[in-house]
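Here is the structure we will look at.
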Amino acid sequence: MVASYVGENKEFARQYLSGELEVELVPQGTLAEKIRSGGAGIPAFYTHTGIGTLVETGGIPIKYAKNGDVEIFSQPHCTGVFNGKRYVMEESISGDYALVKAWKADELGNLVFRASANNFNAPMATAGKVTIVEAEEIVPVGELKPDQIHIPGIHVHRIIKCEKNEKKIEKLTVRQDQAGEAGLPAAMQKRIRIIKRAAREFKDGMYANLGIGMPMLASNYIDPGITVYLQSENGVLGLGPFPTRSEVDPDLINAGKETVTVLQGGSFFSSDVSFGMIRGNRIDMSVLGGMEVSQTGDLANWIVPGKMVKGMGGAVDLVSASGTRVVVTMDHCSKDGSPKILKRCTLPLTGVECVNRIITDMCVFDVVPGKGLLLRELASGCSVDQVRAATGCEFTVASDVAETY
């Protein structure tokens with residue numbers, strides 16, 4: 001199995017961690033490009049995604065033994081240097097069969113996807129020797145306008161009419177009014193305090209990407225006086241707040257499978273196009289969660305070997321884009337009280353020296369290249385001494401540090 005994000009699929013994780021399933025975990029943007037390139041007849045390509053991590057050097061567990069030891073590790077990648085910058089070589093993927101879900105198909109196999117359901121369907125449709133499409137509706141030739149077709153019928157071999165079009169919503173997420181926040185559990189109120197501070201990072205006209213989990217909440221706290229264009233890796237530009245219950249649409253979700261809305265002027269596209277935006281430095285800022293951050297800005301946020309695996313998702317792609325400012329939002333300490341901001345990360349890295357700012361429930365740190373961490377702001381009720389006691393590395397303190405959130 002080649003996969004990027006396991007997410008909350010407990011059975012998938014159980015089979016992987018117990019050794020029943022071999023899994024090659026790859027960054028999501030790399031996976032999208034592997035499929036697109038395979039469908040285009042390109043055998044391999046170079047990308048900066050994963051440089052300096054186990055993606056490049058090898059060592060990602062592919063298969064566990066029943067006793068928990070690793071039987072198979074990923075191998076090192078070939079690398080190349082272009083314009084003074086290092087890249088890893090990735091081999092493309094094509095399959096004997098491609099299974100695709102479409103909104104509409106005509107009798108020639110031309111396909112149209114609805115809203116965020118484009119995602120991996122479009123590149124996948126081109127990468128199979130035999131592409132089989134399940135369509136919600138099959139229409140006569142001519143009913144689909146040529147300029148609205150996402151995949152031309154040349155790629156499609158079989159069409160099946162969807163008989164039972166049940167669309168399950170994995171994460172029904174609706175808007176939380178501000179008045180209801182007071183009744184939320186303390187842990188959730190702490191997360192909201194972090195994300196309200198993170199929302200102040202947005203600037204008017206900015207293109208931004210919000211990671212799965214806590215960062216996605218920031219869309220509800222953007223200053224109404226500015227316009228921010230939120231991008232989601234699954235192929236959405238122009239995300240709005242979470243919907244009301246009457247606005248919920250099962251075909252409109254973000255990369256974390258949560259129901260969302262789209263603002264006027266928004267657009268939908270496939271996952272390979274989405275990650276082209278990311279690798280091409282079109283995203284001004286990315287807000288991500290973190291398990292660990294080092295004093296030099298290394299980030300770890302996708303796996304605890306042998307215990308927990310979420311998968312890389314799009315985080316490795318996002319932090320590898322040199323033109324994107326990376327802001328990490330996280331609890332300052334783990335549940336056992338141990339620090340999550342360290343001299344060096346102990347978990348496999350998502351990216352090397354990629355973090356620009358850290359926002360926690362205690363403070364705001366800036367990562368100063370070549371110098372380390374600078375304490376910029378304090379959360380209400382927190383002192384410099386408390387932050388120092390809860391942080392696993394040295395840092396300097398800005399002369400104007402104060403409680404700001």
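In the structure tokens, chains take the letters A, B, ... in the order shown, each chain's residues start at 1, and ligands count up from 1 in the order shown.
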Return as JSON lines the residues of region 136-177 of chain A lying at most 10 Å from region 77-99 of chain A, together with the closest atom-to-atom pair for each and the distance in Å to one decimal, counting only C-alpha atoms, with rows in chain order and ascending residue number.
```
{"residue": "A:Val156", "atom": "CA", "partner": "A:Ala98", "partner_atom": "CA", "distance": 9.3}
{"residue": "A:His157", "atom": "CA", "partner": "A:Ala98", "partner_atom": "CA", "distance": 9.9}
{"residue": "A:Arg158", "atom": "CA", "partner": "A:Leu99", "partner_atom": "CA", "distance": 9.9}
```
Pull the closest atom pair for each residue of region 59-128 of chain A that gets at most 9 Å from region 133-153 of chain A, along with the distance in Å to one decimal, counting only C-alpha atoms, ordering rows by chain and then ascending residue number, as CSV.
```
residue,atom,partner,partner_atom,distance
A:Ala98,CA,A:Val133,CA,8.2
A:Leu99,CA,A:Val133,CA,6.1
A:Val100,CA,A:Val133,CA,4.8
A:Lys101,CA,A:Glu134,CA,4.9
A:Ala102,CA,A:Ala135,CA,4.7
A:Trp103,CA,A:Glu136,CA,5.1
A:Lys104,CA,A:Glu137,CA,4.8
A:Ala105,CA,A:Ile138,CA,4.9
A:Asp106,CA,A:Val139,CA,4.7
A:Glu107,CA,A:Val141,CA,5.8
A:Leu108,CA,A:Gly153,CA,5.5
A:Gly109,CA,A:Gly153,CA,4.0
A:Asn110,CA,A:Gly153,CA,4.1
A:Leu111,CA,A:Ile151,CA,5.1
A:Val112,CA,A:His150,CA,5.3
A:Phe113,CA,A:His150,CA,6.9
A:Asn118,CA,A:His150,CA,8.5
A:Ala122,CA,A:Ile151,CA,6.5
A:Pro123,CA,A:Ile151,CA,8.9
A:Ala125,CA,A:Ile151,CA,7.6
A:Thr126,CA,A:Ile151,CA,8.2
```
Put those residues in a file: N, CA and C atoms, as a PDB file, in the first residue's frame.
```
ATOM      1  N   ALA A  98      -7.732   1.870 -12.262  1.00  0.00           N
ATOM      2  CA  ALA A  98      -7.989   3.101 -11.512  1.00  0.00           C
ATOM      3  C   ALA A  98      -9.482   3.160 -11.237  1.00  0.00           C
ATOM      4  N   LEU A  99      -9.849   3.307  -9.976  1.00  0.00           N
ATOM      5  CA  LEU A  99     -11.254   3.381  -9.566  1.00  0.00           C
ATOM      6  C   LEU A  99     -11.569   4.828  -9.194  1.00  0.00           C
ATOM      7  N   VAL A 100     -12.528   5.423  -9.877  1.00  0.00           N
ATOM      8  CA  VAL A 100     -12.784   6.857  -9.788  1.00  0.00           C
ATOM      9  C   VAL A 100     -14.269   7.103  -9.536  1.00  0.00           C
ATOM     10  N   LYS A 101     -14.566   8.137  -8.730  1.00  0.00           N
ATOM     11  CA  LYS A 101     -15.947   8.556  -8.491  1.00  0.00           C
ATOM     12  C   LYS A 101     -16.166   9.918  -9.153  1.00  0.00           C
ATOM     13  N   ALA A 102     -17.201  10.018  -9.993  1.00  0.00           N
ATOM     14  CA  ALA A 102     -17.506  11.272 -10.690  1.00  0.00           C
ATOM     15  C   ALA A 102     -18.934  11.713 -10.383  1.00  0.00           C
ATOM     16  N   TRP A 103     -19.166  12.997 -10.543  1.00  0.00           N
ATOM     17  CA  TRP A 103     -20.522  13.534 -10.387  1.00  0.00           C
ATOM     18  C   TRP A 103     -21.337  13.215 -11.637  1.00  0.00           C
ATOM     19  N   LYS A 104     -20.803  13.596 -12.785  1.00  0.00           N
ATOM     20  CA  LYS A 104     -21.487  13.317 -14.053  1.00  0.00           C
ATOM     21  C   LYS A 104     -20.502  12.710 -15.048  1.00  0.00           C
ATOM     22  N   ALA A 105     -21.010  11.810 -15.862  1.00  0.00           N
ATOM     23  CA  ALA A 105     -20.248  11.253 -16.978  1.00  0.00           C
ATOM     24  C   ALA A 105     -21.176  11.178 -18.180  1.00  0.00           C
ATOM     25  N   ASP A 106     -20.634  11.459 -19.366  1.00  0.00           N
ATOM     26  CA  ASP A 106     -21.457  11.220 -20.556  1.00  0.00           C
ATOM     27  C   ASP A 106     -21.085   9.864 -21.157  1.00  0.00           C
ATOM     28  N   GLU A 107     -21.771   9.487 -22.225  1.00  0.00           N
ATOM     29  CA  GLU A 107     -21.609   8.139 -22.774  1.00  0.00           C
ATOM     30  C   GLU A 107     -20.273   7.940 -23.476  1.00  0.00           C
ATOM     31  N   LEU A 108     -19.500   9.028 -23.662  1.00  0.00           N
ATOM     32  CA  LEU A 108     -18.144   8.913 -24.205  1.00  0.00           C
ATOM     33  C   LEU A 108     -17.096   8.806 -23.092  1.00  0.00           C
ATOM     34  N   GLY A 109     -17.533   8.926 -21.848  1.00  0.00           N
ATOM     35  CA  GLY A 109     -16.596   8.836 -20.729  1.00  0.00           C
ATOM     36  C   GLY A 109     -16.063  10.171 -20.248  1.00  0.00           C
ATOM     37  N   ASN A 110     -16.525  11.279 -20.816  1.00  0.00           N
ATOM     38  CA  ASN A 110     -16.125  12.586 -20.300  1.00  0.00           C
ATOM     39  C   ASN A 110     -16.652  12.761 -18.880  1.00  0.00           C
ATOM     40  N   LEU A 111     -15.824  13.329 -17.998  1.00  0.00           N
ATOM     41  CA  LEU A 111     -16.174  13.367 -16.579  1.00  0.00           C
ATOM     42  C   LEU A 111     -16.207  14.791 -16.037  1.00  0.00           C
ATOM     43  N   VAL A 112     -17.129  14.997 -15.090  1.00  0.00           N
ATOM     44  CA  VAL A 112     -17.211  16.236 -14.329  1.00  0.00           C
ATOM     45  C   VAL A 112     -17.274  15.867 -12.855  1.00  0.00           C
ATOM     46  N   PHE A 113     -16.447  16.534 -12.047  1.00  0.00           N
ATOM     47  CA  PHE A 113     -16.457  16.333 -10.604  1.00  0.00           C
ATOM     48  C   PHE A 113     -17.113  17.537  -9.942  1.00  0.00           C
ATOM     49  N   ASN A 118     -13.208  16.657  -6.654  1.00  0.00           N
ATOM     50  CA  ASN A 118     -12.208  16.494  -7.725  1.00  0.00           C
ATOM     51  C   ASN A 118     -10.967  15.806  -7.155  1.00  0.00           C
ATOM     52  N   ALA A 122      -9.175  13.184 -10.371  1.00  0.00           N
ATOM     53  CA  ALA A 122      -8.720  13.606 -11.699  1.00  0.00           C
ATOM     54  C   ALA A 122      -7.389  12.986 -12.098  1.00  0.00           C
ATOM     55  N   PRO A 123      -6.311  13.115 -11.291  1.00  0.00           N
ATOM     56  CA  PRO A 123      -5.063  12.471 -11.704  1.00  0.00           C
ATOM     57  C   PRO A 123      -5.169  10.951 -11.738  1.00  0.00           C
ATOM     58  N   ALA A 125      -7.662   9.155 -12.613  1.00  0.00           N
ATOM     59  CA  ALA A 125      -8.362   8.713 -13.819  1.00  0.00           C
ATOM     60  C   ALA A 125      -7.423   8.537 -15.005  1.00  0.00           C
ATOM     61  N   THR A 126      -6.284   9.239 -14.975  1.00  0.00           N
ATOM     62  CA  THR A 126      -5.349   9.168 -16.105  1.00  0.00           C
ATOM     63  C   THR A 126      -4.279   8.104 -15.921  1.00  0.00           C
TER      64      THR A 126
END
```
Next item on the list: Considering only C-alpha atoms, return as an MDAnalysis selection string whatever protein or nucleic-acid residues lie within 10 Å of region 245-255 of chain A, sequence-local ones (same chain, fewer than 3 positions apart) excluded.
Entry: chainID A and resid 103 113:119 166:175 210:212 216 231:236 239 242 258:262 268 313:314
Margin query: I need the residue nearest Glu56 (chain A) from this list: A:Ser74, A:Ala127, A:Glu377, A:Val328. Use only C-alpha atoms for the distance.
Written below: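 Going through A:Ser74, A:Ala127, A:Glu377, A:Val328 one by one, the smallest distance to Glu56 (chain A) is for A:Ser74.
Candidate residues A:Gly290, A:Gly256, A:Gly59, A:Pro243 were compared for distance to Asp331 (chain A), and the nearest is A:Gly290, using only C-alpha atoms.
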